[in-house]
file structure_22.json (JSON, C-alpha atoms)
[["chain", "number", "residue", "atom", "x", "y", "z"],
["M", 21, "MET", "CA", 133.12, 119.34, 102.72],
["M", 22, "GLY", "CA", 130.71, 121.87, 104.29],
["M", 23, "ILE", "CA", 127.99, 121.00, 106.80],
["M", 24, "ARG", "CA", 125.28, 121.23, 104.11],
["M", 25, "ASP", "CA", 127.14, 118.69, 101.95],
["M", 26, "ARG", "CA", 126.96, 116.06, 104.68],
["M", 27, "PRO", "CA", 124.12, 113.53, 104.93],
["M", 28, "VAL", "CA", 121.14, 114.73, 106.94],
["M", 29, "GLU", "CA", 121.90, 112.14, 109.65],
["M", 30, "GLU", "CA", 125.17, 113.90, 110.36],
["M", 31, "ARG", "CA", 123.57, 117.35, 110.46],
["M", 32, "HIS", "CA", 121.07, 116.42, 113.13],
["M", 33, "PRO", "CA", 122.11, 117.91, 116.51],
["M", 34, "LEU", "CA", 121.89, 114.57, 118.33],
["M", 35, "TRP", "CA", 123.52, 112.53, 115.57],
["M", 36, "TRP", "CA", 126.99, 112.30, 117.10],
["M", 37, "GLU", "CA", 125.57, 111.57, 120.54],
["M", 38, "VAL", "CA", 123.40, 108.74, 119.18],
["M", 39, "ARG", "CA", 126.28, 107.38, 117.11],
["M", 40, "ALA", "CA", 128.59, 107.34, 120.15],
["M", 41, "ALA", "CA", 125.92, 105.65, 122.28],
["M", 42, "LEU", "CA", 125.38, 102.98, 119.62],
["M", 43, "ARG", "CA", 129.11, 102.33, 119.42],
["M", 44, "ARG", "CA", 129.33, 101.99, 123.21],
["M", 45, "LEU", "CA", 126.36, 99.66, 123.15],
["M", 46, "LEU", "CA", 127.80, 97.54, 120.36],
["M", 47, "ASP", "CA", 131.13, 97.26, 122.16],
["M", 48, "ARG", "CA", 129.57, 95.86, 125.34],
["M", 49, "GLN", "CA", 130.22, 92.20, 125.98],
["M", 50, "SER", "CA", 126.60, 91.58, 127.01],
["M", 51, "VAL", "CA", 125.30, 92.80, 123.65],
["M", 52, "ARG", "CA", 127.76, 90.60, 121.76],
["M", 53, "GLU", "CA", 126.68, 87.63, 123.86],
["M", 54, "SER", "CA", 122.98, 88.32, 123.29],
["M", 55, "CYS", "CA", 123.62, 88.30, 119.55],
["M", 56, "SER", "CA", 125.07, 84.81, 119.71],
["M", 57, "HIS", "CA", 122.49, 83.53, 122.22],
["M", 58, "GLN", "CA", 119.08, 84.46, 120.83],
["M", 59, "HIS", "CA", 117.20, 82.89, 123.74],
["M", 60, "HIS", "CA", 118.66, 85.44, 126.18],
["M", 61, "ALA", "CA", 117.10, 88.42, 124.42],
["M", 62, "GLY", "CA", 113.81, 86.58, 124.02],
["M", 63, "SER", "CA", 113.61, 85.49, 127.64],
["M", 64, "ARG", "CA", 114.44, 88.98, 128.91],
["M", 65, "HIS", "CA", 111.71, 90.38, 126.71],
["M", 66, "HIS", "CA", 109.13, 87.90, 128.00],
["M", 67, "ASP", "CA", 110.09, 88.59, 131.63],
["M", 68, "LEU", "CA", 108.87, 92.18, 131.34],
["M", 69, "GLY", "CA", 105.52, 91.18, 132.80],
["M", 70, "PRO", "CA", 102.35, 93.21, 132.32],
["M", 71, "HIS", "CA", 103.95, 95.89, 130.15],
["M", 72, "ARG", "CA", 103.62, 93.80, 126.99],
["M", 73, "VAL", "CA", 102.77, 96.59, 124.56],
["M", 74, "GLU", "CA", 105.58, 98.78, 125.90],
["M", 75, "ALA", "CA", 107.97, 95.82, 125.66],
["M", 76, "ASN", "CA", 106.94, 95.28, 122.03],
["M", 77, "ARG", "CA", 107.57, 98.94, 121.20],
["M", 78, "ILE", "CA", 111.01, 98.80, 122.84],
["M", 79, "VAL", "CA", 112.00, 95.70, 120.88],
["M", 80, "GLN", "CA", 110.73, 97.24, 117.63],
["M", 81, "LEU", "CA", 112.60, 100.48, 118.31],
["M", 82, "LEU", "CA", 115.85, 98.72, 119.16],
["M", 83, "LYS", "CA", 115.54, 96.51, 116.10],
["M", 84, "ALA", "CA", 115.05, 99.57, 113.89],
["M", 85, "MET", "CA", 118.00, 101.35, 115.54],
["M", 86, "PHE", "CA", 120.34, 98.42, 114.97],
["M", 87, "ASN", "CA", 119.15, 98.03, 111.36],
["M", 88, "ARG", "CA", 119.81, 101.74, 110.80],
["M", 89, "ALA", "CA", 123.24, 101.51, 112.46],
["M", 90, "GLU", "CA", 124.04, 98.57, 110.20],
["M", 91, "ARG", "CA", 123.08, 100.55, 107.07],
["M", 92, "LEU", "CA", 125.29, 103.42, 108.25],
["M", 93, "GLY", "CA", 128.25, 101.10, 108.71],
["M", 94, "LEU", "CA", 128.38, 101.41, 112.50],
["M", 95, "VAL", "CA", 127.95, 97.69, 113.15],
["M", 96, "PRO", "CA", 131.05, 95.47, 112.94],
["M", 97, "GLU", "CA", 131.05, 92.80, 110.19],
["M", 98, "GLY", "CA", 129.26, 89.64, 111.28],
["M", 99, "HIS", "CA", 127.58, 91.33, 114.24],
["M", 100, "ARG", "CA", 123.90, 90.36, 114.28],
["M", 101, "ASN", "CA", 121.00, 92.46, 115.46],
["M", 102, "PRO", "CA", 120.25, 91.29, 119.04],
["M", 103, "CYS", "CA", 116.53, 91.88, 118.51],
["M", 104, "GLU", "CA", 116.38, 89.66, 115.43],
["M", 105, "GLY", "CA", 114.23, 86.62, 116.17],
["M", 106, "VAL", "CA", 112.73, 88.02, 119.38],
["M", 107, "GLU", "CA", 109.08, 87.07, 119.43],
["M", 108, "LEU", "CA", 106.73, 89.92, 120.26],
["M", 109, "HIS", "CA", 103.92, 89.59, 122.75],
["M", 110, "ARG", "CA", 100.48, 89.10, 121.31],
["M", 111, "GLU", "CA", 98.58, 92.36, 121.52],
["M", 112, "LEU", "CA", 94.85, 92.60, 121.88],
["M", 113, "SER", "CA", 93.11, 95.46, 120.17],
["M", 114, "ARG", "CA", 91.28, 97.75, 122.53],
["M", 115, "ALA", "CA", 88.43, 100.19, 122.27],
["M", 116, "ARG", "CA", 88.54, 103.56, 123.99],
["M", 117, "TYR", "CA", 85.41, 105.59, 124.44],
["M", 118, "LEU", "CA", 85.10, 109.12, 125.76],
["M", 119, "SER", "CA", 83.13, 109.49, 128.97],
["M", 120, "ASP", "CA", 80.29, 112.01, 129.25],
["M", 121, "ILE", "CA", 82.58, 114.35, 131.20],
["M", 122, "GLU", "CA", 85.30, 114.07, 128.53],
["M", 123, "LEU", "CA", 82.76, 114.74, 125.77],
["M", 124, "LYS", "CA", 81.53, 117.88, 127.57],
["M", 125, "LYS", "CA", 85.11, 119.12, 128.05],
["M", 126, "LEU", "CA", 85.88, 118.45, 124.39],
["M", 127, "ASP", "CA", 82.72, 120.26, 123.29],
["M", 128, "ALA", "CA", 83.63, 123.28, 125.45],
["M", 129, "ALA", "CA", 87.19, 123.33, 124.07],
["M", 130, "LEU", "CA", 85.97, 123.05, 120.47],
["M", 131, "ARG", "CA", 83.78, 126.14, 120.74],
["M", 132, "SER", "CA", 86.87, 128.37, 120.58],
["M", 133, "GLU", "CA", 88.19, 126.63, 117.44],
["M", 134, "PRO", "CA", 87.45, 127.57, 113.80],
["M", 135, "ILE", "CA", 84.31, 125.95, 112.39],
["M", 136, "HIS", "CA", 86.21, 123.58, 110.07],
["M", 137, "VAL", "CA", 88.25, 122.22, 113.02],
["M", 138, "GLN", "CA", 85.07, 121.74, 115.07],
["M", 139, "CYS", "CA", 83.45, 119.84, 112.21],
["M", 140, "LEU", "CA", 86.46, 117.63, 111.52],
["M", 141, "ILE", "CA", 86.89, 116.54, 115.13],
["M", 142, "ARG", "CA", 83.18, 115.84, 115.49],
["M", 143, "LEU", "CA", 83.28, 113.86, 112.24],
["M", 144, "TYR", "CA", 86.16, 111.75, 113.60],
["M", 145, "LEU", "CA", 84.05, 110.91, 116.63],
["M", 146, "LEU", "CA", 80.93, 110.13, 114.60],
["M", 147, "LEU", "CA", 82.52, 108.21, 111.71],
["M", 148, "GLY", "CA", 85.42, 106.38, 113.36],
["M", 149, "VAL", "CA", 87.64, 106.86, 110.31],
["M", 150, "ARG", "CA", 91.40, 107.36, 110.42],
["M", 151, "LYS", "CA", 92.83, 110.87, 110.41],
["M", 152, "GLN", "CA", 94.35, 110.56, 106.93],
["M", 153, "GLU", "CA", 91.17, 109.07, 105.48],
["M", 154, "LEU", "CA", 89.16, 112.12, 106.50],
["M", 155, "LEU", "CA", 91.84, 114.71, 105.72],
["M", 156, "SER", "CA", 92.45, 113.33, 102.22],
["M", 157, "LEU", "CA", 88.76, 113.14, 101.41],
["M", 158, "ALA", "CA", 87.97, 115.25, 98.34],
["M", 159, "TRP", "CA", 84.61, 116.96, 97.92],
["M", 160, "ASP", "CA", 84.04, 114.76, 94.85],
["M", 161, "ASP", "CA", 83.83, 111.82, 97.29],
["M", 162, "VAL", "CA", 81.26, 113.48, 99.57],
["M", 163, "HIS", "CA", 77.73, 112.75, 98.32],
["M", 164, "LEU", "CA", 75.25, 114.63, 100.50],
["M", 165, "GLU", "CA", 72.38, 114.82, 98.02],
["M", 166, "SER", "CA", 72.58, 111.30, 96.58],
["M", 167, "SER", "CA", 69.39, 109.36, 95.84],
["M", 168, "GLU", "CA", 70.93, 106.48, 97.84],
["M", 169, "GLY", "CA", 71.29, 108.75, 100.86],
["M", 170, "PRO", "CA", 74.18, 110.88, 102.11],
["M", 171, "HIS", "CA", 77.48, 109.01, 102.02],
["M", 172, "ILE", "CA", 81.21, 109.37, 101.54],
["M", 173, "TYR", "CA", 83.54, 107.26, 99.45],
["M", 174, "ILE", "CA", 86.99, 106.55, 100.86],
["M", 175, "GLY", "CA", 89.09, 105.01, 98.10],
["M", 176, "ASN", "CA", 92.36, 104.74, 99.99],
["M", 177, "THR", "CA", 91.90, 102.90, 103.28],
["M", 178, "LYS", "CA", 94.63, 101.34, 105.41],
["M", 179, "ASN", "CA", 93.60, 97.83, 104.43],
["M", 180, "GLY", "CA", 93.57, 98.77, 100.74],
["M", 181, "ARG", "CA", 89.84, 98.23, 100.20],
["M", 182, "PRO", "CA", 87.62, 101.15, 99.22],
["M", 183, "LEU", "CA", 84.86, 102.07, 101.64],
["M", 184, "THR", "CA", 81.44, 103.62, 101.10],
["M", 185, "LEU", "CA", 80.23, 105.01, 104.40],
["M", 186, "PHE", "CA", 76.61, 106.13, 104.72],
["M", 187, "LEU", "CA", 76.11, 109.17, 106.92],
["M", 188, "ALA", "CA", 73.68, 109.88, 109.71],
["M", 189, "GLN", "CA", 71.95, 113.27, 109.43],
["M", 190, "THR", "CA", 74.27, 114.76, 112.09],
["M", 191, "ALA", "CA", 77.37, 113.80, 110.07],
["M", 192, "ALA", "CA", 75.85, 115.09, 106.82],
["M", 193, "ASP", "CA", 75.06, 118.41, 108.55],
["M", 194, "LEU", "CA", 78.66, 118.67, 109.76],
["M", 195, "PHE", "CA", 79.94, 118.21, 106.20],
["M", 196, "ARG", "CA", 77.54, 120.94, 105.05],
["M", 197, "ALA", "CA", 78.88, 123.30, 107.74],
["M", 198, "ILE", "CA", 82.49, 123.01, 106.57],
["M", 199, "PRO", "CA", 83.39, 126.15, 104.60],
["M", 200, "THR", "CA", 84.66, 125.38, 101.11],
["M", 201, "GLN", "CA", 87.03, 127.35, 98.98],
["M", 202, "ALA", "CA", 86.22, 128.01, 95.34],
["M", 203, "MET", "CA", 88.07, 125.74, 92.92],
["M", 204, "SER", "CA", 89.39, 123.51, 95.73],
["M", 205, "ARG", "CA", 88.98, 119.74, 95.74],
["M", 206, "TRP", "CA", 89.19, 119.66, 99.54]]

call {"tool": "encode", "arguments": {"input": "structure_22.json", "output": "structure tokens"}}
result
Amino acid sequence: MGIRDRPVEERHPLWWEVRAALRRLLDRQSVRESCSHQHHAGSRHHDLGPHRVEANRIVQLLKAMFNRAERLGLVPEGHRNPCEGVELHRELSRARYLSDIELKKLDAALRSEPIHVQCLIRLYLLLGVRKQELLSLAWDDVHLESSEGPHIYIGNTKNGRPLTLFLAQTAADLFRAIPTQAMSRW
């Protein structure tokens, strides 16, 4: 069997290194013990102190790695994922705003970018929409001359509910400044 006939996991340059590391990890006595004593993994996780978000990401990553190793047949029969059942820390959502200095630096950096990039980044800041929501927006969903006022319609949001977002004049002007290509929906 040639290299191209092998699964993509085996063709990745780090695949064998990761596989060997997982095997070493699975063979360790401490990992086997943590699988049979769920409270150990949970208490270690909760002892990580103020780095709660980082601790959650580590547990999620390890859980995904063990699940993947299990699907690939690298986990011995009956060996449970040590991260299974570990309760994650509660995370509080946070808001991050750019300072005046950061806004000025961003504005200066944007001046050297193409007009469509300038407009998109400024629209992100003004609208607060997700990257994919703005990038997948078709011109059919941009209503700048509507009798109701300028607005956009986002049909595919993360929470699954469509969104009609009315635009301030600055945002409408940014949409007007984006160059369009003939016969393109975007």

call {"tool": "atom_distance", "arguments": {"input": "structure_22.json", "atom1": "atom CA of M:Gln138", "atom2": "atom CA of M:Phe195"}}
result
10.8 Å

call {"tool": "closest_residue", "arguments": {"input": "structure_22.json", "among": "M:Leu112, M:Val73, M:Ala197, M:Val79", "to": "M:Cys139", "atoms": "all atoms listed in the file"}}
result
M:Ala197

call {"tool": "residues_around", "arguments": {"input": "structure_22.json", "residues": "M:Ala158", "least_positions_apart": "5", "cutoff": "12 Å", "atoms": "all atoms listed in the file", "output": "list in words"}}
result
Gln152, Glu153, His163, Ile172, Tyr173, Ile174, Gly175, Asn176, Phe195, Thr200, Met203, Ser204, Arg205 and Trp206 of chain M

call {"tool": "write_last_selection", "arguments": {"input": "structure_22.json", "atoms": "C-alpha atoms", "output": "mmCIF file, in the coordinates of the input"}}
result
data_model
loop_
_atom_site.group_PDB
_atom_site.id
_atom_site.type_symbol
_atom_site.label_atom_id
_atom_site.label_comp_id
_atom_site.auth_asym_id
_atom_site.auth_seq_id
_atom_site.Cartn_x
_atom_site.Cartn_y
_atom_site.Cartn_z
ATOM 1 C CA GLN M 152 94.350 110.560 106.930
ATOM 2 C CA GLU M 153 91.170 109.070 105.480
ATOM 3 C CA HIS M 163 77.730 112.750 98.320
ATOM 4 C CA ILE M 172 81.210 109.370 101.540
ATOM 5 C CA TYR M 173 83.540 107.260 99.450
ATOM 6 C CA ILE M 174 86.990 106.550 100.860
ATOM 7 C CA GLY M 175 89.090 105.010 98.100
ATOM 8 C CA ASN M 176 92.360 104.740 99.990
ATOM 9 C CA PHE M 195 79.940 118.210 106.200
ATOM 10 C CA THR M 200 84.660 125.380 101.110
ATOM 11 C CA MET M 203 88.070 125.740 92.920
ATOM 12 C CA SER M 204 89.390 123.510 95.730
ATOM 13 C CA ARG M 205 88.980 119.740 95.740
ATOM 14 C CA TRP M 206 89.190 119.660 99.540
#

call {"tool": "closest_residue", "arguments": {"input": "structure_22.json", "among": "M:Gly105, M:Pro182, M:Asn76, M:Glu122", "to": "M:Asp161", "atoms": "all atoms listed in the file"}}
result
M:Pro182

call {"tool": "closest_residue", "arguments": {"input": "structure_22.json", "among": "M:His109, M:Arg100, M:Arg88, M:Lys178", "to": "M:Ala75", "atoms": "all atoms listed in the file"}}
result
M:His109

call {"tool": "axis_aligned_box", "arguments": {"input": "structure_22.json", "around": "stretch 85-95 of chain M", "padding_each_side": "8 Å", "output": "AutoDock Vina command-line options"}}
result
--center_x 123.2 --center_y 100.6 --center_z 111.3 --size_x 26.4 --size_y 21.7 --size_z 24.5

call {"tool": "closest_residue", "arguments": {"input": "structure_22.json", "among": "M:Pro170, M:Ile78, M:Gly148, M:Pro199", "to": "M:Ala115", "atoms": "all atoms listed in the file"}}
result
M:Gly148

call {"tool": "atom_distance", "arguments": {"input": "structure_22.json", "atom1": "atom CA of M:Leu164", "atom2": "atom CA of M:Asp193"}}
result
8.9 Å

call {"tool": "atom_distance", "arguments": {"input": "structure_22.json", "atom1": "atom CA of M:Asp160", "atom2": "atom CA of M:Ile135"}}
result
20.8 Å

call {"tool": "residues_near_point", "arguments": {"input": "structure_22.json", "point": "(82.6, 117.8, 117.7)", "cutoff": "10 Å", "atoms": "all atoms listed in the file", "output": "list in words"}}
result
Leu123, Lys124, Leu126, Asp127, Ala128, Ala129, Leu130, Arg131, Ile135, Val137, Gln138, Cys139, Leu140, Ile141, Arg142, Leu143, Tyr144, Leu145, Leu146 and Leu194 of chain M

call {"tool": "write_last_selection", "arguments": {"input": "structure_22.json", "atoms": "C-alpha atoms", "output": "compact mmCIF listing (two decimals), in the coordinates of the input"}}
result
# COMPACT_ATOMS: atom_id res chain seq x y z
CA LEU M 123 82.76 114.74 125.77
CA LYS M 124 81.53 117.88 127.57
CA LEU M 126 85.88 118.45 124.39
CA ASP M 127 82.72 120.26 123.29
CA ALA M 128 83.63 123.28 125.45
CA ALA M 129 87.19 123.33 124.07
CA LEU M 130 85.97 123.05 120.47
CA ARG M 131 83.78 126.14 120.74
CA ILE M 135 84.31 125.95 112.39
CA VAL M 137 88.25 122.22 113.02
CA GLN M 138 85.07 121.74 115.07
CA CYS M 139 83.45 119.84 112.21
CA LEU M 140 86.46 117.63 111.52
CA ILE M 141 86.89 116.54 115.13
CA ARG M 142 83.18 115.84 115.49
CA LEU M 143 83.28 113.86 112.24
CA TYR M 144 86.16 111.75 113.60
CA LEU M 145 84.05 110.91 116.63
CA LEU M 146 80.93 110.13 114.60
CA LEU M 194 78.66 118.67 109.76

call {"tool": "closest_residue", "arguments": {"input": "structure_22.json", "among": "M:Ser119, M:Asn101, M:Asn179, M:Leu157", "to": "M:Ala89", "atoms": "all atoms listed in the file"}}
result
M:Asn101

call {"tool": "residues_around", "arguments": {"input": "structure_22.json", "residues": "M:Thr177", "least_positions_apart": "6", "cutoff": "12 Å", "atoms": "all atoms listed in the file", "output": "PDB file with C-alpha atoms, in the coordinates of the input"}}
result
ATOM      1  CA  VAL M 149      87.640 106.860 110.310  1.00  0.00           C
ATOM      2  CA  ARG M 150      91.400 107.360 110.420  1.00  0.00           C
ATOM      3  CA  LYS M 151      92.830 110.870 110.410  1.00  0.00           C
ATOM      4  CA  GLN M 152      94.350 110.560 106.930  1.00  0.00           C
ATOM      5  CA  GLU M 153      91.170 109.070 105.480  1.00  0.00           C
ATOM      6  CA  LEU M 154      89.160 112.120 106.500  1.00  0.00           C
ATOM      7  CA  SER M 156      92.450 113.330 102.220  1.00  0.00           C
ATOM      8  CA  LEU M 157      88.760 113.140 101.410  1.00  0.00           C
ATOM      9  CA  LEU M 183      84.860 102.070 101.640  1.00  0.00           C
ATOM     10  CA  THR M 184      81.440 103.620 101.100  1.00  0.00           C
ATOM     11  CA  LEU M 185      80.230 105.010 104.400  1.00  0.00           C
TER      12      LEU M 185
END

call {"tool": "closest_residue", "arguments": {"input": "structure_22.json", "among": "M:Leu147, M:Ile121, M:Arg181, M:Phe186", "to": "M:Val162", "atoms": "only C-alpha atoms"}}
result
M:Phe186

call {"tool": "decode", "arguments": {"input": "structure_22.json", "residues": "stretch 82-114 of chain M", "atoms": "N, CA and C atoms", "output": "tab-separated table (two decimals), in the first residue's frame"}}
result
chain	number	residue	atom	x	y	z
M	82	LEU	N	-8.25	17.07	25.78
M	82	LEU	CA	-7.88	15.71	26.16
M	82	LEU	C	-9.03	14.73	25.92
M	83	LYS	N	-10.23	15.15	26.21
M	83	LYS	CA	-11.39	14.30	25.98
M	83	LYS	C	-11.52	13.97	24.49
M	84	ALA	N	-11.35	14.98	23.65
M	84	ALA	CA	-11.42	14.77	22.20
M	84	ALA	C	-10.29	13.86	21.72
M	85	MET	N	-9.09	14.06	22.28
M	85	MET	CA	-7.96	13.21	21.88
M	85	MET	C	-8.21	11.75	22.24
M	86	PHE	N	-8.69	11.50	23.44
M	86	PHE	CA	-8.96	10.12	23.84
M	86	PHE	C	-10.09	9.51	23.01
M	87	ASN	N	-11.13	10.29	22.71
M	87	ASN	CA	-12.21	9.79	21.87
M	87	ASN	C	-11.68	9.42	20.49
M	88	ARG	N	-10.83	10.27	19.95
M	88	ARG	CA	-10.22	10.00	18.63
M	88	ARG	C	-9.34	8.76	18.68
M	89	ALA	N	-8.53	8.65	19.74
M	89	ALA	CA	-7.66	7.47	19.90
M	89	ALA	C	-8.50	6.20	20.00
M	90	GLU	N	-9.64	6.30	20.67
M	90	GLU	CA	-10.53	5.15	20.79
M	90	GLU	C	-11.08	4.74	19.43
M	91	ARG	N	-11.50	5.72	18.63
M	91	ARG	CA	-12.03	5.43	17.28
M	91	ARG	C	-10.95	4.81	16.39
M	92	LEU	N	-9.70	5.18	16.61
M	92	LEU	CA	-8.60	4.65	15.80
M	92	LEU	C	-8.07	3.32	16.32
M	93	GLY	N	-8.67	2.82	17.40
M	93	GLY	CA	-8.26	1.54	17.94
M	93	GLY	C	-6.98	1.58	18.75
M	94	LEU	N	-6.61	2.73	19.27
M	94	LEU	CA	-5.39	2.86	20.06
M	94	LEU	C	-5.63	2.69	21.55
M	95	VAL	N	-6.89	2.58	21.95
M	95	VAL	CA	-7.22	2.46	23.36
M	95	VAL	C	-7.57	1.01	23.65
M	96	PRO	N	-6.94	0.41	24.67
M	96	PRO	CA	-7.23	-0.98	25.01
M	96	PRO	C	-8.71	-1.18	25.36
M	97	GLU	N	-9.23	-2.35	25.09
M	97	GLU	CA	-10.64	-2.69	25.38
M	97	GLU	C	-10.93	-2.44	26.85
M	98	GLY	N	-12.04	-1.80	27.14
M	98	GLY	CA	-12.46	-1.55	28.51
M	98	GLY	C	-11.78	-0.35	29.16
M	99	HIS	N	-10.91	0.31	28.47
M	99	HIS	CA	-10.20	1.47	29.01
M	99	HIS	C	-11.08	2.70	28.79
M	100	ARG	N	-11.47	3.36	29.87
M	100	ARG	CA	-12.37	4.51	29.75
M	100	ARG	C	-11.59	5.81	29.60
M	101	ASN	N	-12.23	6.76	28.98
M	101	ASN	CA	-11.66	8.09	28.81
M	101	ASN	C	-11.54	8.75	30.19
M	102	PRO	N	-10.32	9.14	30.62
M	102	PRO	CA	-10.17	9.72	31.95
M	102	PRO	C	-10.86	11.07	32.11
M	103	CYS	N	-11.21	11.71	31.03
M	103	CYS	CA	-11.87	13.02	31.11
M	103	CYS	C	-13.39	12.88	31.13
M	104	GLU	N	-13.89	11.68	30.92
M	104	GLU	CA	-15.33	11.45	30.92
M	104	GLU	C	-15.86	11.71	32.32
M	105	GLY	N	-16.88	12.53	32.44
M	105	GLY	CA	-17.48	12.81	33.73
M	105	GLY	C	-16.84	13.96	34.49
M	106	VAL	N	-15.76	14.54	33.96
M	106	VAL	CA	-15.13	15.67	34.63
M	106	VAL	C	-16.01	16.90	34.40
M	107	GLU	N	-16.42	17.52	35.48
M	107	GLU	CA	-17.27	18.70	35.35
M	107	GLU	C	-16.40	19.92	35.00
M	108	LEU	N	-16.86	20.67	34.02
M	108	LEU	CA	-16.14	21.87	33.62
M	108	LEU	C	-16.51	23.03	34.53
M	109	HIS	N	-15.58	23.96	34.65
M	109	HIS	CA	-15.85	25.18	35.40
M	109	HIS	C	-16.92	25.99	34.68
M	110	ARG	N	-17.70	26.70	35.44
M	110	ARG	CA	-18.67	27.61	34.85
M	110	ARG	C	-17.91	28.80	34.28
M	111	GLU	N	-18.22	29.15	33.05
M	111	GLU	CA	-17.54	30.27	32.40
M	111	GLU	C	-18.51	31.43	32.25
M	112	LEU	N	-18.02	32.59	32.57
M	112	LEU	CA	-18.82	33.80	32.39
M	112	LEU	C	-18.46	34.43	31.06
M	113	SER	N	-19.49	34.85	30.33
M	113	SER	CA	-19.19	35.52	29.07
M	113	SER	C	-18.57	36.88	29.39
M	114	ARG	N	-17.77	37.35	28.50
M	114	ARG	CA	-17.09	38.62	28.73
M	114	ARG	C	-17.19	39.50	27.50
